Structures are given as structure tokens and as C-alpha cells.
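The structure appears below as C-alpha cells.
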Amino acid sequence: MYGRPWPGPVAPRRTTLATAAALVTLIALGGFVRLLGIDFGRPFAYHPDEGIIVGSAMDMVRDRDWNPHNFFYSSLMFDVQAVATGIVRSFGGGSLEHDQGWLFGSEALPRQFDYFLAGRSVVALMGIVTIPVTFAIGARSGGIGVGLIAAAIAAAAPLHVANSHYITTDVPLTLLCALTLWAALEAQRRRGDRWWVLAGLVAGLAISTKWNGAVVIVVPLVAYLATADTFRGAGALLRRRTPYLILAAAALALLVTTPAILFDAAAVRDFLVLQGELYARGRANERSDSLTFHVRALLDGIGFVASVLGLSGCVAIVVGRHRRELAIPAFVVAYLLVISIPATHYERNLLPIVPYLSIAAGLLLVRAIERWTRGRPTFGGISTTLLTIGLVMIAVFAALAPGYAASYAEGRRMGSPDTRTVARDWLLANVPRKSIVAREQYTPQLTPDEYRLRNHDFLWQRNWAWYREQGVRYLITSSLVYARFYENPDAPTQDTFYTELFGLPEVFRVDPDPDTPGPTIRIFELSGGAQAPI
């Protein structure tokens, strides 16, 4: 596209036993930290978003209904979880009735925990598979060295490791975005429409996993246009059928796996509008703009060195006019811009670019080494280039070691009792049964057999007169809620409520620490004393 000849196909160098051993080691290490602590919270479901997928999947299996009736995400992961739920159910899984009234939407009955564990296992497997896929793309793009460096970064990325424990859509989306790049690079090499169609199909599956996966359609389109020798040639390519086959294949895959777009269009539209409003509104006490937030999250999520190398590698691809890999920076830039538009932001939304940055980092390092060692003498029959790449790979693995260590420590921590479990045990041991207790989201899960519950998503939704009329004795709050509103000038009513709540006698508090995961849980006693708010 820049007037340079189209380079010949890049084939990975011959895979040696050492290469195979290194890759297997990376997969084993990556798999270990992704599976460690995967049954966190047992028998309670503590992640705030897992219930969206698992609850809908239980309804689908119970009602024999293809429609999840929930479109915060597109449908593919609902279907995958429904299959997992059906399998667990056939082996004696618990009841599929989860709408108990006294449970919050993110919660489930303890006997339903195996449904969550099954889904987590599927997501963890997808996270593990992303490692060899990243290696394959890197090896095809620049050789074994690139593949191993890219796989090492992807395997160690703390953000990817952490989210591989949850039944959410981000890790599956990451795998499908990586597979889209692999298919696009294969299509470049093989020059057949069927390969471009394959890339379009995989991109469609990515869109059917999470709506923001729609950005990945730029990957096969840019990869296809990059096969032109000049910009004028790229325009000629647009007049061929191939780009439209790519788009048609993506649309077909999306419609087949999210058929509600056709058959329940009103519900899909309503959920998309609601989600747009939620993302545009922002969260209480959210201070940083989205782009700044994502840059910081990226530095933490895959490490400072890996982030800088990956972003620098994207720049090097453009500056160096490496047309074959132009889809990598195109996707990274487009995706970052799209997810940075809303006021609300989450670290996990960054995950799809992790394999892309990993590959860009590997390409940058290996190409820099090859340029520096060109023409230098061999050492003991080993080329300077190969020797230097080996040394750099050792340095990269050493730089990634803290990430592995942090992921291991977090996995161990996830397997420890959660603060909500600790608080629940204290309640059962110290608060008389059948006491009237008010709790909000992300607090210890209690049952009507244990206490008379007055549950609300947020405690501030009721005033103090109401709590007294109900005879509430204890109020339980979580930092995942009150941190949004306490001392937040944009939420004066909520701030006032929590300020008054914190003035009550605090009978119990548990904070997270290196050995205890979860939010801070605080329990207050409401009495008629002078300290009680009026």
C-alpha cells in the first residue's frame, strides 16, 4: 500500500524440541495460574456480573428456550453456558430456580454453585487456548522468537489471568479476536476467498460474544486492503467481492448465534439503549477520563514493560511500513478509541488488545535484534541473531516473572475465605436468628430461614423512618457500594445517608488483606440511642 513490493510469506522457523518445551511450559504456567482459585467463594457466587450469564442460562435450560431474554451481551456465551448448565444438570446439578426474591441478581443458591464452576472452567480453558493461538500468530508473523515472546506476555498478563476465573464475556472475546487475526493472516498468505470468509465468520462470532467486539471487523478488512501495492490499488480491491464476503460472513455468524437480532429485535434494541445510557452516565465517584483510565489499566494489566513494547511495536509496524501486520495497530487504535468514548469504563474491556500488543512487542524486539546483529560473526557456530534473541527472551521472561508471581498470589488469595464469608460466619455466631437485617448488594448472602431480611440494591433507597418502622436491628454495607457515594459531592443525598450510617455503632468490620479477598464489609446496629440518625 506504500508502493513497496508485497513481501513473500513468512513461515515460522523449524520448531525444535526446545521451542516445543518452552511453549508447553508457558501453557502449563498460564493454565496453572488461571485455574488456581477458580472455585473462589464456594458455595456463594460473589462476582457481580456472573449471574447475568448463569441466571439466563439456567432459565434457558429450565424453560427449553433458545432466547436468553437478556442482551447486555450478545448471545454466544449464553448458549455456551446453557450447554454447560445442561451437562451439569444431567449429572445431578441443583435446582434451576434462581429467582428467589430475597437474592440479588448476582447471587444464586449455594446448591447452584456447580453451574458457576462449570462456566468458569470453560472461560479458563478459553484463556489457556489464547496462549498457543498468540504463539501461532507471532510465529507466522515473525518467527519462533516472536511467537514465544508474544505467548509469554499473553500468558503472564495479570488482567487476562484474573478475568479467566470469571464467567464473563471478555476472555472469550479475546480468544475470538486473536483467532480473527490468525485467520486474516492466513488469508493474506493463501490468497483465497474462503480464508477471508473464515476471518469474517470468526469476527462475527466475536461480535456475538460481546457487542463491542464489532470493532474486530476492521482486522480482516485492513488485512485485505493491505495486500494492495498502492493506495490506488487498495481502492481497486474495494470493488471486488472479497470485502463484502467478509462483511456478509460476519453478519451471518452473528445472526446465527444471536438470532434474537431478527426474532426479538425490540428486546435487543431496548437492552442496547439501556446499556448505552448506563455507559454514558458514568459511575458515581468516577473521576478519571476513559482514555487516561485505560492507559493506566493497560500498564497494570499486562505490565509496564510489555505495554510500552506493545505500543511501540504498533508504531514500528506503521513507520516501518510492514503491511502484513497493519491490522494489528489498526485494531489496537480503533478498539481503544471505541471503548474510551463512554464515561463508564472497566479494566476488563481492554482484554481483546492483549494478544495484539503481545505480538507487536515480539515483532519489535526480534526485528530490532535482527537489524542490530546483521553481518556480525557467529559464536561457536551459533548465529549472533539467534543467540541475542535467546538472551532477550530470557530477559523478557525474567521481566514477566513478577506478573506470574502476582497472579499466583492472587489465585491463592481467591481460594481463601472472602470477606463476605467471614462476615456471614460472624453474623451466624453473634446475631440472634430471626433478627431483622437490612443488606445491600455485595454483602454476605443470608437466607430467610436465618434472618428476616430487608434487602435493597442500595441501603440509601430507604430512609431511617422506614428502617425503624420495619424494626431493622442491623444494617450491612459493602465498600463496593458505599465507596461510590460516600464523600461524593455529585451524590449529596447518598453521601448524607452513608455519613449517618457510619455514625451508628459499628459492631463488626472486615477489610480485605493479602490473605482475604473481597470488599470491606461493615455491620452497624440501629437502635433508639442518641447516635441513631433521625
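Each chain of the C-alpha cells is named A, B, ... in the order shown, its residues numbered from 1; ligands are numbered from 1 in display order.
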
inquiry  = Could you pull out the helix (DSSP H, G or I) residues of range 159-371 of chain A, going by DSSP on the backbone, and write them as a PyMOL selection string?
reply    = chain A and resi 159-163+170-190+193-207+211-225+231-237+242-257+260-263+265-281+290-302+304-319+323-325+327-339+347-371

request  = If you run DSSP over the backbone, which residues in range 230-446 of chain A end up strand (DSSP E or B)? Put them as a PyMOL selection string.
outcome  = chain A and resi 230+379+382+436-439

Residue contacts of Ser435 in chain A (12 Å, only C-alpha atoms) excluding same-chain residues fewer than 6 positions away, as JSON, numbers by chain = {"A": [427, 428, 446, 447, 448, 449, 450, 451, 452, 453, 454, 470, 471, 472, 473, 474, 475, 525, 526]}

message = Measuring between only C-alpha atoms, which one of A:Arg439, A:His456, A:Arg240, A:His69 shows the shortest distance to Ile53 in chain A?
response = A:His69

Select from range 253-368 of chain A every residue with an atom at most 12 Å from any atom of range 157-167 of chain A, then for each give the shortest pair of atoms and their distance in Å to one decimal, using only C-alpha atoms, rows by chain and rising number, as a Markdown table.
| residue | atom | partner | partner_atom | distance |
| --- | --- | --- | --- | --- |
| A:Ala297 | CA | A:Leu159 | CA | 8.7 |
| A:Leu298 | CA | A:Leu159 | CA | 8.5 |
| A:Leu299 | CA | A:Leu159 | CA | 10.1 |
| A:Asp300 | CA | A:Leu159 | CA | 7.8 |
| A:Gly301 | CA | A:Leu159 | CA | 4.4 |
| A:Ile302 | CA | A:Ala157 | CA | 4.3 |
| A:Gly303 | CA | A:Ala157 | CA | 7.1 |
| A:Phe304 | CA | A:Ala157 | CA | 10.7 |
| A:Val305 | CA | A:Ala157 | CA | 11.3 |
| A:Ala306 | CA | A:Ala157 | CA | 8.9 |
| A:Ser307 | CA | A:Ala157 | CA | 10.1 |
| A:Tyr346 | CA | A:Leu159 | CA | 11.2 |
| A:Glu347 | CA | A:Leu159 | CA | 7.8 |
| A:Arg348 | CA | A:Leu159 | CA | 7.0 |
| A:Asn349 | CA | A:Leu159 | CA | 10.1 |
| A:Leu350 | CA | A:Leu159 | CA | 8.7 |
| A:Leu351 | CA | A:His160 | CA | 6.5 |
| A:Pro352 | CA | A:His160 | CA | 9.4 |
| A:Ile353 | CA | A:His160 | CA | 10.6 |
| A:Val354 | CA | A:Ala157 | CA | 8.0 |
| A:Pro355 | CA | A:Ala157 | CA | 9.8 |
| A:Leu357 | CA | A:Ala157 | CA | 11.0 |
| A:Ser358 | CA | A:Ala157 | CA | 9.5 |

task = Measuring atom to atom with only C-alpha atoms, identify which of A:Glu487, A:Asp114, A:Asp79, A:Asp495 is nearest to Asp65 in chain A.
result =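 Of A:Glu487, A:Asp114, A:Asp79, A:Asp495, the one nearest Asp65 in chain A is A:Asp79, counting only C-alpha atoms.
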
request  = Determine, counting only C-alpha atoms, which protein, DNA and RNA residues have an atom within 10 Å of an atom of Cys177 in chain A; residues of the same chain fewer than 2 positions away are not included. Present the result as a ChimeraX atom specification.
outcome  = /A:130,171-175,179-183,199,202-207,213-217,219,331,351-356

Next, dump the selected residues to file, keeping only N, CA and C atoms, as a PDB file, in the first residue's frame.
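Dumped to selection-v9.pdb:
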ATOM      1  N   THR A 130      -5.872 -19.220  24.392  1.00  0.00           N
ATOM      2  CA  THR A 130      -5.379 -17.961  23.819  1.00  0.00           C
ATOM      3  C   THR A 130      -3.856 -17.929  23.763  1.00  0.00           C
ATOM      4  N   VAL A 171     -12.805 -12.646  28.226  1.00  0.00           N
ATOM      5  CA  VAL A 171     -11.777 -13.613  27.837  1.00  0.00           C
ATOM      6  C   VAL A 171     -12.183 -14.391  26.588  1.00  0.00           C
ATOM      7  N   PRO A 172     -13.438 -14.872  26.484  1.00  0.00           N
ATOM      8  CA  PRO A 172     -13.859 -15.479  25.208  1.00  0.00           C
ATOM      9  C   PRO A 172     -13.733 -14.518  24.033  1.00  0.00           C
ATOM     10  N   LEU A 173     -14.093 -13.252  24.236  1.00  0.00           N
ATOM     11  CA  LEU A 173     -13.954 -12.261  23.165  1.00  0.00           C
ATOM     12  C   LEU A 173     -12.494 -12.104  22.761  1.00  0.00           C
ATOM     13  N   THR A 174     -11.603 -12.127  23.729  1.00  0.00           N
ATOM     14  CA  THR A 174     -10.167 -12.005  23.449  1.00  0.00           C
ATOM     15  C   THR A 174      -9.686 -13.146  22.565  1.00  0.00           C
ATOM     16  N   LEU A 175     -10.103 -14.361  22.887  1.00  0.00           N
ATOM     17  CA  LEU A 175      -9.715 -15.515  22.070  1.00  0.00           C
ATOM     18  C   LEU A 175     -10.222 -15.361  20.638  1.00  0.00           C
ATOM     19  N   LEU A 179      -8.166 -15.150  17.157  1.00  0.00           N
ATOM     20  CA  LEU A 179      -8.412 -16.071  16.046  1.00  0.00           C
ATOM     21  C   LEU A 179      -8.765 -15.328  14.759  1.00  0.00           C
ATOM     22  N   THR A 180      -9.426 -14.186  14.897  1.00  0.00           N
ATOM     23  CA  THR A 180      -9.728 -13.370  13.713  1.00  0.00           C
ATOM     24  C   THR A 180      -8.433 -12.900  13.057  1.00  0.00           C
ATOM     25  N   LEU A 181      -7.472 -12.466  13.864  1.00  0.00           N
ATOM     26  CA  LEU A 181      -6.175 -12.039  13.323  1.00  0.00           C
ATOM     27  C   LEU A 181      -5.454 -13.211  12.671  1.00  0.00           C
ATOM     28  N   TRP A 182      -5.489 -14.375  13.322  1.00  0.00           N
ATOM     29  CA  TRP A 182      -4.840 -15.560  12.739  1.00  0.00           C
ATOM     30  C   TRP A 182      -5.456 -15.883  11.371  1.00  0.00           C
ATOM     31  N   ALA A 183      -6.781 -15.884  11.295  1.00  0.00           N
ATOM     32  CA  ALA A 183      -7.451 -16.201  10.027  1.00  0.00           C
ATOM     33  C   ALA A 183      -7.131 -15.154   8.964  1.00  0.00           C
ATOM     34  N   ALA A 199     -12.200 -15.618   8.156  1.00  0.00           N
ATOM     35  CA  ALA A 199     -11.893 -14.483   9.036  1.00  0.00           C
ATOM     36  C   ALA A 199     -13.158 -13.711   9.372  1.00  0.00           C
ATOM     37  N   VAL A 202     -15.247 -15.735  11.967  1.00  0.00           N
ATOM     38  CA  VAL A 202     -14.717 -15.647  13.338  1.00  0.00           C
ATOM     39  C   VAL A 202     -14.989 -14.263  13.921  1.00  0.00           C
ATOM     40  N   ALA A 203     -14.846 -13.226  13.091  1.00  0.00           N
ATOM     41  CA  ALA A 203     -15.173 -11.877  13.561  1.00  0.00           C
ATOM     42  C   ALA A 203     -16.643 -11.797  13.977  1.00  0.00           C
ATOM     43  N   GLY A 204     -17.529 -12.440  13.230  1.00  0.00           N
ATOM     44  CA  GLY A 204     -18.941 -12.462  13.590  1.00  0.00           C
ATOM     45  C   GLY A 204     -19.191 -13.150  14.924  1.00  0.00           C
ATOM     46  N   LEU A 205     -18.435 -14.222  15.190  1.00  0.00           N
ATOM     47  CA  LEU A 205     -18.554 -14.896  16.487  1.00  0.00           C
ATOM     48  C   LEU A 205     -18.082 -13.988  17.615  1.00  0.00           C
ATOM     49  N   ALA A 206     -17.044 -13.185  17.343  1.00  0.00           N
ATOM     50  CA  ALA A 206     -16.579 -12.227  18.347  1.00  0.00           C
ATOM     51  C   ALA A 206     -17.668 -11.206  18.658  1.00  0.00           C
ATOM     52  N   ILE A 207     -18.342 -10.705  17.624  1.00  0.00           N
ATOM     53  CA  ILE A 207     -19.431  -9.745  17.831  1.00  0.00           C
ATOM     54  C   ILE A 207     -20.571 -10.411  18.594  1.00  0.00           C
ATOM     55  N   GLY A 213     -17.243  -6.204  20.469  1.00  0.00           N
ATOM     56  CA  GLY A 213     -16.415  -7.000  19.579  1.00  0.00           C
ATOM     57  C   GLY A 213     -16.592  -6.628  18.124  1.00  0.00           C
ATOM     58  N   ALA A 214     -17.591  -5.781  17.828  1.00  0.00           N
ATOM     59  CA  ALA A 214     -17.822  -5.348  16.449  1.00  0.00           C
ATOM     60  C   ALA A 214     -16.599  -4.654  15.856  1.00  0.00           C
ATOM     61  N   VAL A 215     -15.754  -4.091  16.718  1.00  0.00           N
ATOM     62  CA  VAL A 215     -14.568  -3.382  16.230  1.00  0.00           C
ATOM     63  C   VAL A 215     -13.628  -4.336  15.494  1.00  0.00           C
ATOM     64  N   VAL A 216     -13.664  -5.616  15.833  1.00  0.00           N
ATOM     65  CA  VAL A 216     -12.703  -6.554  15.250  1.00  0.00           C
ATOM     66  C   VAL A 216     -12.912  -6.755  13.757  1.00  0.00           C
ATOM     67  N   ILE A 217     -14.025  -6.302  13.217  1.00  0.00           N
ATOM     68  CA  ILE A 217     -14.237  -6.440  11.775  1.00  0.00           C
ATOM     69  C   ILE A 217     -13.191  -5.646  10.992  1.00  0.00           C
ATOM     70  N   VAL A 219     -10.121  -5.874  11.391  1.00  0.00           N
ATOM     71  CA  VAL A 219      -8.927  -6.708  11.222  1.00  0.00           C
ATOM     72  C   VAL A 219      -8.896  -7.377   9.847  1.00  0.00           C
ATOM     73  N   PHE A 331      -6.403  -2.346  14.756  1.00  0.00           N
ATOM     74  CA  PHE A 331      -7.353  -2.818  15.759  1.00  0.00           C
ATOM     75  C   PHE A 331      -7.084  -2.179  17.117  1.00  0.00           C
ATOM     76  N   LEU A 351      -9.128  -6.258  27.385  1.00  0.00           N
ATOM     77  CA  LEU A 351      -8.554  -7.578  27.126  1.00  0.00           C
ATOM     78  C   LEU A 351      -8.363  -7.940  25.655  1.00  0.00           C
ATOM     79  N   PRO A 352      -9.286  -7.615  24.743  1.00  0.00           N
ATOM     80  CA  PRO A 352      -9.101  -8.044  23.350  1.00  0.00           C
ATOM     81  C   PRO A 352      -7.817  -7.555  22.694  1.00  0.00           C
ATOM     82  N   ILE A 353      -7.224  -6.460  23.178  1.00  0.00           N
ATOM     83  CA  ILE A 353      -5.996  -5.984  22.539  1.00  0.00           C
ATOM     84  C   ILE A 353      -4.745  -6.637  23.115  1.00  0.00           C
ATOM     85  N   VAL A 354      -4.894  -7.437  24.180  1.00  0.00           N
ATOM     86  CA  VAL A 354      -3.712  -8.041  24.812  1.00  0.00           C
ATOM     87  C   VAL A 354      -2.922  -8.924  23.841  1.00  0.00           C
ATOM     88  N   PRO A 355      -3.549  -9.858  23.102  1.00  0.00           N
ATOM     89  CA  PRO A 355      -2.754 -10.654  22.148  1.00  0.00           C
ATOM     90  C   PRO A 355      -2.112  -9.790  21.063  1.00  0.00           C
ATOM     91  N   TYR A 356      -2.800  -8.753  20.631  1.00  0.00           N
ATOM     92  CA  TYR A 356      -2.272  -7.872  19.581  1.00  0.00           C
ATOM     93  C   TYR A 356      -1.029  -7.141  20.068  1.00  0.00           C
TER      94      TYR A 356
END

message = Measuring between only C-alpha atoms, which one of A:Ala361, A:Ser478, A:Tyr73, A:Pro43 shows the shortest distance to Cys314 in chain A?
response = A:Ala361

ask   = Could you name the residues that touch Asn67 in chain A at 10 Å or less, counting only C-alpha atoms, but leaving out those on the same chain fewer than 2 positions away, as a VMD selection string?
value = chain A and resid 56 to 57 59 to 60 63 to 65 69 to 71 75 78 to 79 258 to 260 263 to 264

inquiry  = Report, in Å to a single decimal, how far apart CA of Val332 in chain A and CA of Leu176 in chain A are.
reply    =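 Taking CA of Leu176 in chain A as the start and CA of Val332 in chain A as the end point, the length is 14.8 Å.
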
query = Mind pulling up the distance from CA of Ile328 in chain A to CA of Arg189 in chain A?
reply =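 These two atoms are separated by 16.0 Å.
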
task = Using only C-alpha atoms, pick whichever of A:Ile359, A:Asp170, A:Ile341, A:Gly30 has the shortest atom-to-atom distance to Ala139 in chain A.
result = A:Ile359

key: A:Glu50, A:Asp513, A:Asp99, A:Glu186 ranked by distance to Glu325 in chain A, top pick (using only C-alpha atoms)   =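 Checking each candidate against Glu325 in chain A, we get A:Glu186 as the closest.
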
ask   = Could you work out how far CA of Gln188 in chain A lies from CA of Gly390 in chain A, giving the answer in Å with one decimal?
value = 28.9 Å

query = Of the candidates A:Ala124, A:Leu76, A:Ala84, A:Val318, which shows the shortest atom-to-atom distance to Gly31 in chain A, using only C-alpha atoms?
reply =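 Answer, going by the shortest atom-to-atom distance: A:Ala124.
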
message = What's around range 96-98 of chain A at 7 Å? Count only C-alpha atoms, leave out sequence neighbours fewer than 6 positions away in its own chain, and write the answer as a PyMOL selection string.
response = chain A and resi 55+58-59+62+108-109
